[in-house]
Amino acid sequence: KAGVTQTPRYLIKTRGQQVTLSCSPISGHRSVSWYQQTPGQGLQFLFEYFSETQRNKGNFPGRFSGRQFSNSRSEMNVSTLELGDSALYLCASSLQGAPNEQFFGPGTRLTVL
Amino acid sequence: SQQGEEDPQALSIQEGENATMNCSYKTSINNLQWYRQNSGRGLVHLILIRSNEREKHSGRLRVTLDTSKKSSSLLITASRAADTASYFCASYGSSNTGKLIFGQGTTLQVKP
(Lines give C-alpha, C1' and ligand atoms only; values in the text may rest on other atoms or scores of the structure.)
Protein backbone atom coordinates (compact mmCIF):
# COMPACT_ATOMS: atom_id res chain seq x y z
CA LYS A 1 0.00 0.00 0.00
CA ALA A 2 1.15 3.51 -0.66
CA GLY A 3 1.99 5.52 2.42
CA VAL A 4 0.63 8.82 3.60
CA THR A 5 1.41 11.66 1.23
CA GLN A 6 1.48 15.34 1.98
CA THR A 7 1.70 18.29 -0.35
CA PRO A 8 3.42 20.58 -0.65
CA ARG A 9 6.60 19.49 1.12
CA TYR A 10 7.88 23.02 1.60
CA LEU A 11 6.11 26.33 1.70
CA ILE A 12 7.21 29.90 2.31
CA LYS A 13 4.57 32.50 3.12
CA THR A 14 4.46 35.99 4.58
CA ARG A 15 2.59 37.17 7.63
CA GLY A 16 -1.09 37.71 7.04
CA GLN A 17 -1.36 35.25 4.18
CA GLN A 18 -3.26 32.00 4.36
CA VAL A 19 -2.14 28.51 3.47
CA THR A 20 -3.74 25.17 2.64
CA LEU A 21 -1.96 21.88 3.22
CA SER A 22 -3.11 18.57 1.81
CA CYS A 23 -2.89 15.02 3.09
CA SER A 24 -3.81 11.74 1.39
CA PRO A 25 -4.11 8.89 3.89
CA ILE A 26 -3.35 5.24 3.39
CA SER A 27 -6.07 3.55 1.38
CA GLY A 28 -8.82 2.27 3.66
CA HIS A 29 -7.90 4.53 6.56
CA ARG A 30 -10.74 6.72 7.73
CA SER A 31 -9.02 8.73 10.45
CA VAL A 32 -6.70 11.60 9.62
CA SER A 33 -4.96 13.58 12.35
CA TRP A 34 -2.85 16.69 12.04
CA TYR A 35 0.05 17.69 14.25
CA GLN A 36 2.28 20.72 14.52
CA GLN A 37 5.92 20.23 15.44
CA THR A 38 8.13 23.06 16.63
CA PRO A 39 11.43 23.00 18.52
CA GLY A 40 9.89 24.75 21.49
CA GLN A 41 6.55 22.97 21.85
CA GLY A 42 7.32 19.59 20.35
CA LEU A 43 4.57 17.59 18.69
CA GLN A 44 1.14 19.01 19.34
CA PHE A 45 -2.19 17.68 18.18
CA LEU A 46 -4.21 20.02 15.98
CA PHE A 47 -7.33 18.03 15.08
CA GLU A 48 -8.61 14.73 13.84
CA TYR A 49 -11.14 13.93 11.16
CA PHE A 50 -13.02 10.70 10.88
CA SER A 51 -15.55 10.02 8.14
CA GLU A 52 -15.61 13.70 7.16
CA THR A 53 -16.34 14.88 10.70
CA GLN A 54 -14.00 16.62 13.09
CA ARG A 55 -13.84 14.27 16.05
CA ASN A 56 -11.27 15.94 18.25
CA LYS A 57 -9.53 19.29 18.39
CA GLY A 58 -6.40 20.51 20.12
CA ASN A 59 -5.76 23.87 21.75
CA PHE A 60 -5.13 25.96 18.68
CA PRO A 61 -6.80 29.23 17.67
CA GLY A 62 -9.65 29.30 15.19
CA ARG A 63 -7.21 30.37 12.45
CA PHE A 64 -6.40 26.68 12.17
CA SER A 65 -9.11 24.70 10.45
CA GLY A 66 -9.46 21.56 8.46
CA ARG A 67 -11.77 19.31 6.56
CA GLN A 68 -11.99 15.82 5.23
CA PHE A 69 -13.44 14.69 1.95
CA SER A 70 -15.46 11.60 1.16
CA ASN A 71 -12.31 9.83 -0.12
CA SER A 72 -10.69 10.49 3.30
CA ARG A 73 -8.24 13.03 1.91
CA SER A 74 -7.84 15.93 4.27
CA GLU A 75 -6.82 19.55 4.08
CA MET A 76 -5.83 21.94 6.78
CA ASN A 77 -5.96 25.69 6.44
CA VAL A 78 -4.21 28.38 8.41
CA SER A 79 -5.45 31.90 7.91
CA THR A 80 -3.77 35.18 8.81
CA LEU A 81 -0.39 33.55 9.23
CA GLU A 82 1.86 34.59 12.09
CA LEU A 83 5.61 34.11 12.46
CA GLY A 84 4.94 31.56 15.18
CA ASP A 85 3.10 29.34 12.74
CA SER A 86 6.43 28.34 11.20
CA ALA A 87 6.61 24.64 11.85
CA LEU A 88 6.59 21.15 10.44
CA TYR A 89 2.98 20.07 9.92
CA LEU A 90 2.48 16.35 10.03
CA CYS A 91 -0.49 14.36 8.93
CA ALA A 92 -1.18 10.86 10.20
CA SER A 93 -3.69 8.27 9.14
CA SER A 94 -5.09 5.27 10.92
CA LEU A 95 -7.91 2.83 10.43
CA GLN A 96 -10.14 4.46 13.00
CA GLY A 97 -7.97 6.35 15.48
CA ALA A 98 -7.53 4.74 18.88
CA PRO A 99 -6.38 2.11 19.50
CA ASN A 100 -4.75 1.65 16.10
CA GLU A 101 -1.30 2.64 14.95
CA GLN A 102 -0.98 5.99 13.26
CA PHE A 103 1.16 6.29 10.16
CA PHE A 104 2.70 9.63 9.36
CA GLY A 105 3.40 11.45 6.15
CA PRO A 106 6.71 13.24 5.44
CA GLY A 107 5.31 16.56 6.61
CA THR A 108 5.01 20.04 5.18
CA ARG A 109 7.66 22.51 6.31
CA LEU A 110 5.98 25.92 6.56
CA THR A 111 8.10 29.03 6.92
CA VAL A 112 6.37 32.33 7.64
CA LEU A 113 8.41 35.45 6.93
CA SER B 1 0.16 19.15 27.14
CA GLN B 2 2.60 16.30 27.00
CA GLN B 3 1.42 12.87 28.03
CA GLY B 4 4.88 11.49 28.33
CA GLU B 5 8.28 12.50 29.46
CA GLU B 6 11.31 10.87 27.97
CA ASP B 7 14.64 10.24 29.47
CA PRO B 8 17.34 10.95 28.58
CA GLN B 9 16.71 13.94 26.33
CA ALA B 10 19.91 13.16 24.43
CA LEU B 11 22.05 10.06 24.14
CA SER B 12 25.36 9.56 22.34
CA ILE B 13 26.83 6.09 21.90
CA GLN B 14 29.26 4.19 19.70
CA GLU B 15 28.15 1.87 16.94
CA GLY B 16 27.55 -1.61 18.26
CA GLU B 17 26.46 -0.46 21.71
CA ASN B 18 22.92 -0.73 23.02
CA ALA B 19 20.71 2.32 23.49
CA THR B 20 17.96 2.52 26.08
CA MET B 21 15.32 5.23 26.17
CA ASN B 22 12.65 5.61 28.80
CA CYS B 23 9.19 7.09 28.67
CA SER B 24 6.79 7.91 31.47
CA TYR B 25 3.16 8.79 30.97
CA LYS B 26 0.42 10.26 33.10
CA THR B 27 -2.96 8.75 32.36
CA SER B 28 -4.13 5.20 31.80
CA ILE B 29 -3.52 3.89 28.31
CA ASN B 30 -4.77 1.14 26.05
CA ASN B 31 -1.49 1.00 24.21
CA LEU B 32 1.76 2.89 23.75
CA GLN B 33 3.55 3.51 20.50
CA TRP B 34 7.14 4.33 19.67
CA TYR B 35 8.19 6.40 16.68
CA ARG B 36 11.46 7.40 15.07
CA GLN B 37 12.08 10.71 13.33
CA ASN B 38 15.08 11.44 11.20
CA SER B 39 16.06 15.08 11.14
CA GLY B 40 13.17 17.24 9.96
CA ARG B 41 11.25 14.37 8.44
CA GLY B 42 8.06 12.49 9.16
CA LEU B 43 7.64 9.99 11.96
CA VAL B 44 8.16 6.32 11.32
CA HIS B 45 6.07 3.92 13.39
CA LEU B 46 8.34 1.44 15.15
CA ILE B 47 6.25 -0.63 17.50
CA LEU B 48 2.98 -0.68 19.43
CA ILE B 49 2.69 -2.40 22.79
CA ARG B 50 -0.73 -3.04 24.31
CA SER B 51 -1.52 -2.37 27.94
CA ASN B 52 -1.80 -6.10 28.66
CA GLU B 53 1.65 -6.81 27.21
CA ARG B 54 4.85 -6.48 29.20
CA GLU B 55 7.43 -6.89 26.47
CA LYS B 56 7.53 -6.86 22.70
CA HIS B 57 10.30 -7.41 20.18
CA SER B 58 10.78 -6.29 16.61
CA GLY B 59 14.15 -6.99 15.04
CA ARG B 60 16.75 -5.14 17.10
CA LEU B 61 14.05 -3.31 19.07
CA ARG B 62 12.75 -4.39 22.43
CA VAL B 63 9.99 -2.47 24.19
CA THR B 64 8.83 -3.01 27.73
CA LEU B 65 5.77 -1.62 29.44
CA ASP B 66 5.11 -1.30 33.16
CA THR B 67 1.57 -0.02 33.64
CA SER B 68 1.95 0.05 37.43
CA LYS B 69 4.75 2.58 37.07
CA LYS B 70 3.26 4.19 33.97
CA SER B 71 6.52 3.75 32.14
CA SER B 72 7.95 2.16 29.02
CA SER B 73 11.42 1.64 27.65
CA LEU B 74 12.81 1.18 24.18
CA LEU B 75 16.02 -0.77 23.77
CA ILE B 76 17.93 -0.74 20.48
CA THR B 77 20.55 -3.45 20.41
CA ALA B 78 23.75 -3.41 18.37
CA SER B 79 23.12 0.16 17.26
CA ARG B 80 24.15 1.43 13.85
CA ALA B 81 24.92 4.92 12.56
CA ALA B 82 21.62 4.75 10.67
CA ASP B 83 19.79 4.59 14.02
CA THR B 84 20.75 8.22 14.62
CA ALA B 85 17.38 9.96 15.02
CA SER B 86 14.90 11.24 17.56
CA TYR B 87 12.67 8.70 19.25
CA PHE B 88 9.23 9.48 20.63
CA CYS B 89 6.73 7.59 22.71
CA ALA B 90 3.06 8.37 22.25
CA SER B 91 -0.27 7.23 23.57
CA TYR B 92 -3.93 8.00 23.17
CA GLY B 93 -4.34 8.55 26.89
CA SER B 94 -7.99 8.44 27.82
CA SER B 95 -9.09 9.49 24.35
CA ASN B 96 -10.77 6.99 22.05
CA THR B 97 -10.27 9.20 19.03
CA GLY B 98 -7.18 9.93 16.96
CA LYS B 99 -5.45 12.25 19.38
CA LEU B 100 -1.96 10.95 20.09
CA ILE B 101 -0.04 12.66 22.85
CA PHE B 102 3.72 12.63 22.46
CA GLY B 103 6.65 12.84 24.78
CA GLN B 104 9.41 15.35 24.14
CA GLY B 105 11.59 12.68 22.59
CA THR B 106 15.11 11.36 22.98
CA THR B 107 17.73 12.40 20.46
CA LEU B 108 20.06 9.50 19.77
CA GLN B 109 23.42 9.91 18.11
CA VAL B 110 25.28 6.77 17.10
CA LYS B 111 28.90 7.43 16.25
CA PRO B 112 30.56 5.20 13.63
# chains A, B, ... in the order shown; residues from 1 in each chain; ligands from 1

call {"tool": "closest_atom_pairs", "arguments": {"of": "region 34-106 of chain A", "to": "region 79-102 of chain B", "cutoff": "10 Å", "atoms": "only C-alpha atoms", "output": "JSON lines"}}
result
{"residue": "A:Trp34", "atom": "CA", "partner": "B:Lys99", "partner_atom": "CA", "distance": 9.0}
{"residue": "A:Tyr35", "atom": "CA", "partner": "B:Leu100", "partner_atom": "CA", "distance": 9.1}
{"residue": "A:Gly42", "atom": "CA", "partner": "B:Phe102", "partner_atom": "CA", "distance": 8.1}
{"residue": "A:Leu43", "atom": "CA", "partner": "B:Phe102", "partner_atom": "CA", "distance": 6.3}
{"residue": "A:Gln44", "atom": "CA", "partner": "B:Ile101", "partner_atom": "CA", "distance": 7.4}
{"residue": "A:Phe45", "atom": "CA", "partner": "B:Lys99", "partner_atom": "CA", "distance": 6.4}
{"residue": "A:Leu46", "atom": "CA", "partner": "B:Lys99", "partner_atom": "CA", "distance": 8.6}
{"residue": "A:Phe47", "atom": "CA", "partner": "B:Lys99", "partner_atom": "CA", "distance": 7.4}
{"residue": "A:Glu48", "atom": "CA", "partner": "B:Gly98", "partner_atom": "CA", "distance": 5.9}
{"residue": "A:Tyr49", "atom": "CA", "partner": "B:Gly98", "partner_atom": "CA", "distance": 8.1}
{"residue": "A:Phe50", "atom": "CA", "partner": "B:Gly98", "partner_atom": "CA", "distance": 8.5}
{"residue": "A:Arg55", "atom": "CA", "partner": "B:Thr97", "partner_atom": "CA", "distance": 6.9}
{"residue": "A:Asn56", "atom": "CA", "partner": "B:Thr97", "partner_atom": "CA", "distance": 6.9}
{"residue": "A:Lys57", "atom": "CA", "partner": "B:Lys99", "partner_atom": "CA", "distance": 8.2}
{"residue": "A:Gly58", "atom": "CA", "partner": "B:Lys99", "partner_atom": "CA", "distance": 8.4}
{"residue": "A:Ala92", "atom": "CA", "partner": "B:Gly98", "partner_atom": "CA", "distance": 9.1}
{"residue": "A:Ser93", "atom": "CA", "partner": "B:Gly98", "partner_atom": "CA", "distance": 8.7}
{"residue": "A:Ser94", "atom": "CA", "partner": "B:Gly98", "partner_atom": "CA", "distance": 7.9}
{"residue": "A:Leu95", "atom": "CA", "partner": "B:Gly98", "partner_atom": "CA", "distance": 9.7}
{"residue": "A:Gln96", "atom": "CA", "partner": "B:Gly98", "partner_atom": "CA", "distance": 7.4}
{"residue": "A:Gly97", "atom": "CA", "partner": "B:Gly98", "partner_atom": "CA", "distance": 4.0}
{"residue": "A:Ala98", "atom": "CA", "partner": "B:Asn96", "partner_atom": "CA", "distance": 5.1}
{"residue": "A:Pro99", "atom": "CA", "partner": "B:Asn96", "partner_atom": "CA", "distance": 7.0}
{"residue": "A:Asn100", "atom": "CA", "partner": "B:Gly98", "partner_atom": "CA", "distance": 8.7}
{"residue": "A:Glu101", "atom": "CA", "partner": "B:Gly98", "partner_atom": "CA", "distance": 9.6}
{"residue": "A:Gln102", "atom": "CA", "partner": "B:Gly98", "partner_atom": "CA", "distance": 8.2}

call {"tool": "select_by_dssp", "arguments": {"residues": "chain A", "states": "strand (DSSP E)", "output": "number ranges by chain"}}
result
A: 5-7, 10-13, 19-24, 31-38, 42-50, 53-57, 64-68, 74-78, 87-94, 103-104, 108-112

call {"tool": "atom_distance", "arguments": {"atom1": "CA of Thr14 (chain A)", "atom2": "CA of Gly84 (chain A)"}}
result
11.5 Å

call {"tool": "residues_around", "arguments": {"residues": "Val63 (chain B)", "least_positions_apart": "2", "cutoff": "8 Å", "atoms": "only C-alpha atoms", "output": "PyMOL selection string"}}
result
chain B and resi 47+49+55-57+61+65+72-75

call {"tool": "residues_around", "arguments": {"residues": "Arg15 (chain A)", "least_positions_apart": "6", "cutoff": "10 Å", "atoms": "only C-alpha atoms", "output": "PDB file with N, CA, C and O atoms, in the first residue's frame"}}
result
ATOM      1  N   SER A  79      -5.209  30.551   8.418  1.00  0.00           N
ATOM      2  CA  SER A  79      -5.453  31.896   7.907  1.00  0.00           C
ATOM      3  C   SER A  79      -4.653  32.910   8.716  1.00  0.00           C
ATOM      4  O   SER A  79      -4.202  32.612   9.835  1.00  0.00           O
ATOM      5  N   THR A  80      -4.475  34.062   8.151  1.00  0.00           N
ATOM      6  CA  THR A  80      -3.771  35.176   8.806  1.00  0.00           C
ATOM      7  C   THR A  80      -2.501  34.669   9.492  1.00  0.00           C
ATOM      8  O   THR A  80      -2.353  34.712  10.722  1.00  0.00           O
ATOM      9  N   LEU A  81      -1.594  34.174   8.708  1.00  0.00           N
ATOM     10  CA  LEU A  81      -0.386  33.547   9.226  1.00  0.00           C
ATOM     11  C   LEU A  81       0.419  34.481  10.124  1.00  0.00           C
ATOM     12  O   LEU A  81       0.522  35.690   9.874  1.00  0.00           O
ATOM     13  N   GLU A  82       0.978  33.879  11.161  1.00  0.00           N
ATOM     14  CA  GLU A  82       1.861  34.586  12.086  1.00  0.00           C
ATOM     15  C   GLU A  82       3.230  33.913  12.038  1.00  0.00           C
ATOM     16  O   GLU A  82       3.352  32.748  11.638  1.00  0.00           O
ATOM     17  N   LEU A  83       4.250  34.675  12.477  1.00  0.00           N
ATOM     18  CA  LEU A  83       5.606  34.112  12.460  1.00  0.00           C
ATOM     19  C   LEU A  83       5.671  32.804  13.243  1.00  0.00           C
ATOM     20  O   LEU A  83       6.360  31.864  12.852  1.00  0.00           O
ATOM     21  N   GLY A  84       4.927  32.741  14.325  1.00  0.00           N
ATOM     22  CA  GLY A  84       4.945  31.557  15.181  1.00  0.00           C
ATOM     23  C   GLY A  84       4.304  30.327  14.565  1.00  0.00           C
ATOM     24  O   GLY A  84       4.372  29.245  15.153  1.00  0.00           O
ATOM     25  N   ASP A  85       3.699  30.493  13.410  1.00  0.00           N
ATOM     26  CA  ASP A  85       3.099  29.339  12.736  1.00  0.00           C
ATOM     27  C   ASP A  85       4.136  28.551  11.949  1.00  0.00           C
ATOM     28  O   ASP A  85       3.828  27.479  11.417  1.00  0.00           O
ATOM     29  N   THR A 111       7.321  27.908   6.413  1.00  0.00           N
ATOM     30  CA  THR A 111       8.100  29.031   6.924  1.00  0.00           C
ATOM     31  C   THR A 111       7.309  30.302   6.683  1.00  0.00           C
ATOM     32  O   THR A 111       6.878  30.568   5.555  1.00  0.00           O
ATOM     33  N   VAL A 112       7.092  31.067   7.739  1.00  0.00           N
ATOM     34  CA  VAL A 112       6.366  32.327   7.644  1.00  0.00           C
ATOM     35  C   VAL A 112       7.357  33.464   7.856  1.00  0.00           C
ATOM     36  O   VAL A 112       8.037  33.533   8.886  1.00  0.00           O
ATOM     37  N   LEU A 113       7.453  34.330   6.860  1.00  0.00           N
ATOM     38  CA  LEU A 113       8.407  35.448   6.932  1.00  0.00           C
ATOM     39  C   LEU A 113       7.711  36.762   7.266  1.00  0.00           C
ATOM     40  O   LEU A 113       6.506  36.911   6.985  1.00  0.00           O
TER      41      LEU A 113
END

call {"tool": "atom_distance", "arguments": {"atom1": "CA of Gly105 (chain A)", "atom2": "CA of Arg62 (chain B)"}}
result
24.6 Å

call {"tool": "closest_residue", "arguments": {"among": "A:Val78, A:Val4, A:Ile26, A:Leu11", "to": "chain B", "atoms": "only C-alpha atoms"}}
result
A:Val4

call {"tool": "decode", "arguments": {"residues": "region 9-55 of chain A", "atoms": "N, CA and C atoms", "output": "mmCIF file, in the first residue's frame"}}
result
data_model
loop_
_atom_site.group_PDB
_atom_site.id
_atom_site.type_symbol
_atom_site.label_atom_id
_atom_site.label_comp_id
_atom_site.auth_asym_id
_atom_site.auth_seq_id
_atom_site.Cartn_x
_atom_site.Cartn_y
_atom_site.Cartn_z
ATOM 1 N N ARG A 9 5.618 19.877 0.108
ATOM 2 C CA ARG A 9 6.604 19.493 1.119
ATOM 3 C C ARG A 9 7.194 20.722 1.798
ATOM 4 N N TYR A 10 7.331 21.786 1.051
ATOM 5 C CA TYR A 10 7.883 23.020 1.596
ATOM 6 C C TYR A 10 7.037 24.200 1.125
ATOM 7 N N LEU A 11 6.943 25.177 1.998
ATOM 8 C CA LEU A 11 6.107 26.331 1.702
ATOM 9 C C LEU A 11 6.676 27.547 2.419
ATOM 10 N N ILE A 12 6.783 28.650 1.690
ATOM 11 C CA ILE A 12 7.205 29.900 2.309
ATOM 12 C C ILE A 12 6.096 30.920 2.089
ATOM 13 N N LYS A 13 5.642 31.513 3.169
ATOM 14 C CA LYS A 13 4.569 32.505 3.116
ATOM 15 C C LYS A 13 4.979 33.728 3.930
ATOM 16 N N THR A 14 4.225 34.801 3.772
ATOM 17 C CA THR A 14 4.465 35.989 4.578
ATOM 18 C C THR A 14 3.323 36.171 5.562
ATOM 19 N N ARG A 15 3.600 36.913 6.591
ATOM 20 C CA ARG A 15 2.591 37.168 7.628
ATOM 21 C C ARG A 15 1.307 37.709 7.019
ATOM 22 N N GLY A 16 0.204 37.239 7.507
ATOM 23 C CA GLY A 16 -1.088 37.710 7.040
ATOM 24 C C GLY A 16 -1.688 36.867 5.925
ATOM 25 N N GLN A 17 -0.842 36.102 5.248
ATOM 26 C CA GLN A 17 -1.361 35.250 4.184
ATOM 27 C C GLN A 17 -2.056 34.042 4.783
ATOM 28 N N GLN A 18 -2.668 33.263 3.917
ATOM 29 C CA GLN A 18 -3.261 32.001 4.361
ATOM 30 C C GLN A 18 -2.634 30.857 3.572
ATOM 31 N N VAL A 19 -2.770 29.658 4.110
ATOM 32 C CA VAL A 19 -2.141 28.510 3.469
ATOM 33 C C VAL A 19 -3.048 27.287 3.608
ATOM 34 N N THR A 20 -2.989 26.429 2.604
ATOM 35 C CA THR A 20 -3.741 25.174 2.638
ATOM 36 C C THR A 20 -2.779 24.018 2.411
ATOM 37 N N LEU A 21 -2.799 23.070 3.312
ATOM 38 C CA LEU A 21 -1.959 21.884 3.216
ATOM 39 C C LEU A 21 -2.843 20.675 2.949
ATOM 40 N N SER A 22 -2.310 19.724 2.203
ATOM 41 C CA SER A 22 -3.111 18.568 1.807
ATOM 42 C C SER A 22 -2.489 17.273 2.297
ATOM 43 N N CYS A 23 -3.349 16.318 2.590
ATOM 44 C CA CYS A 23 -2.894 15.020 3.091
ATOM 45 C C CYS A 23 -3.748 13.923 2.478
ATOM 46 N N SER A 24 -3.094 12.920 1.898
ATOM 47 C CA SER A 24 -3.805 11.741 1.394
ATOM 48 C C SER A 24 -3.442 10.554 2.277
ATOM 49 N N PRO A 25 -4.411 9.986 2.970
ATOM 50 C CA PRO A 25 -4.108 8.890 3.894
ATOM 51 C C PRO A 25 -3.888 7.569 3.168
ATOM 52 N N ILE A 26 -3.485 6.586 3.927
ATOM 53 C CA ILE A 26 -3.349 5.239 3.393
ATOM 54 C C ILE A 26 -4.739 4.737 2.991
ATOM 55 N N SER A 27 -4.790 4.038 1.879
ATOM 56 C CA SER A 27 -6.070 3.545 1.378
ATOM 57 C C SER A 27 -6.776 2.695 2.434
ATOM 58 N N GLY A 28 -8.036 3.021 2.667
ATOM 59 C CA GLY A 28 -8.820 2.274 3.658
ATOM 60 C C GLY A 28 -8.826 2.909 5.035
ATOM 61 N N HIS A 29 -7.924 3.850 5.271
ATOM 62 C CA HIS A 29 -7.900 4.534 6.565
ATOM 63 C C HIS A 29 -8.924 5.649 6.575
ATOM 64 N N ARG A 30 -9.677 5.725 7.648
ATOM 65 C CA ARG A 30 -10.738 6.723 7.728
ATOM 66 C C ARG A 30 -10.409 7.871 8.682
ATOM 67 N N SER A 31 -9.390 7.690 9.489
ATOM 68 C CA SER A 31 -9.022 8.730 10.452
ATOM 69 C C SER A 31 -7.776 9.461 9.967
ATOM 70 N N VAL A 32 -7.852 10.765 9.958
ATOM 71 C CA VAL A 32 -6.701 11.600 9.616
ATOM 72 C C VAL A 32 -6.503 12.609 10.741
ATOM 73 N N SER A 33 -5.299 12.631 11.289
ATOM 74 C CA SER A 33 -4.960 13.578 12.348
ATOM 75 C C SER A 33 -3.859 14.499 11.866
ATOM 76 N N TRP A 34 -3.867 15.699 12.387
ATOM 77 C CA TRP A 34 -2.853 16.695 12.042
ATOM 78 C C TRP A 34 -2.108 17.098 13.303
ATOM 79 N N TYR A 35 -0.787 17.289 13.152
ATOM 80 C CA TYR A 35 0.054 17.685 14.253
ATOM 81 C C TYR A 35 0.971 18.814 13.808
ATOM 82 N N GLN A 36 1.301 19.668 14.752
ATOM 83 C CA GLN A 36 2.278 20.718 14.523
ATOM 84 C C GLN A 36 3.524 20.382 15.333
ATOM 85 N N GLN A 37 4.680 20.493 14.703
ATOM 86 C CA GLN A 37 5.916 20.233 15.438
ATOM 87 C C GLN A 37 6.820 21.447 15.366
ATOM 88 N N THR A 38 7.193 21.960 16.523
ATOM 89 C CA THR A 38 8.133 23.064 16.630
ATOM 90 C C THR A 38 9.197 22.698 17.651
ATOM 91 N N PRO A 39 10.373 23.316 17.547
ATOM 92 C CA PRO A 39 11.434 23.004 18.516
ATOM 93 C C PRO A 39 11.023 23.307 19.953
ATOM 94 N N GLY A 40 10.237 24.358 20.136
ATOM 95 C CA GLY A 40 9.890 24.754 21.486
ATOM 96 C C GLY A 40 8.752 23.962 22.104
ATOM 97 N N GLN A 41 7.751 23.628 21.329
ATOM 98 C CA GLN A 41 6.553 22.966 21.852
ATOM 99 C C GLN A 41 6.482 21.484 21.534
ATOM 100 N N GLY A 42 7.362 21.003 20.707
ATOM 101 C CA GLY A 42 7.325 19.593 20.352
ATOM 102 C C GLY A 42 6.165 19.276 19.429
ATOM 103 N N LEU A 43 5.661 18.065 19.547
ATOM 104 C CA LEU A 43 4.569 17.595 18.694
ATOM 105 C C LEU A 43 3.245 17.861 19.387
ATOM 106 N N GLN A 44 2.427 18.670 18.737
ATOM 107 C CA GLN A 44 1.139 19.008 19.342
ATOM 108 C C GLN A 44 0.012 18.672 18.381
ATOM 109 N N PHE A 45 -1.021 18.111 18.942
ATOM 110 C CA PHE A 45 -2.191 17.679 18.179
ATOM 111 C C PHE A 45 -3.025 18.880 17.768
ATOM 112 N N LEU A 46 -3.359 18.930 16.487
ATOM 113 C CA LEU A 46 -4.213 20.018 15.982
ATOM 114 C C LEU A 46 -5.674 19.583 15.954
ATOM 115 N N PHE A 47 -5.967 18.577 15.164
ATOM 116 C CA PHE A 47 -7.331 18.029 15.081
ATOM 117 C C PHE A 47 -7.311 16.691 14.371
ATOM 118 N N GLU A 48 -8.435 16.007 14.501
ATOM 119 C CA GLU A 48 -8.611 14.728 13.844
ATOM 120 C C GLU A 48 -9.943 14.708 13.112
ATOM 121 N N TYR A 49 -9.917 14.120 11.934
ATOM 122 C CA TYR A 49 -11.137 13.934 11.160
ATOM 123 C C TYR A 49 -11.367 12.445 10.956
ATOM 124 N N PHE A 50 -12.625 12.085 11.072
ATOM 125 C CA PHE A 50 -13.024 10.697 10.880
ATOM 126 C C PHE A 50 -14.337 10.711 10.119
ATOM 127 N N SER A 51 -14.346 10.049 8.982
ATOM 128 C CA SER A 51 -15.550 10.015 8.141
ATOM 129 C C SER A 51 -16.123 11.416 7.944
ATOM 130 N N GLU A 52 -15.261 12.325 7.544
ATOM 131 C CA GLU A 52 -15.611 13.702 7.156
ATOM 132 C C GLU A 52 -16.046 14.585 8.320
ATOM 133 N N THR A 53 -15.915 14.099 9.541
ATOM 134 C CA THR A 53 -16.344 14.880 10.705
ATOM 135 C C THR A 53 -15.148 15.129 11.624
ATOM 136 N N GLN A 54 -15.054 16.349 12.125
ATOM 137 C CA GLN A 54 -14.002 16.618 13.095
ATOM 138 C C GLN A 54 -14.376 15.950 14.408
ATOM 139 N N ARG A 55 -13.499 15.064 14.875
ATOM 140 C CA ARG A 55 -13.836 14.273 16.046
ATOM 141 C C ARG A 55 -13.113 14.756 17.299
#
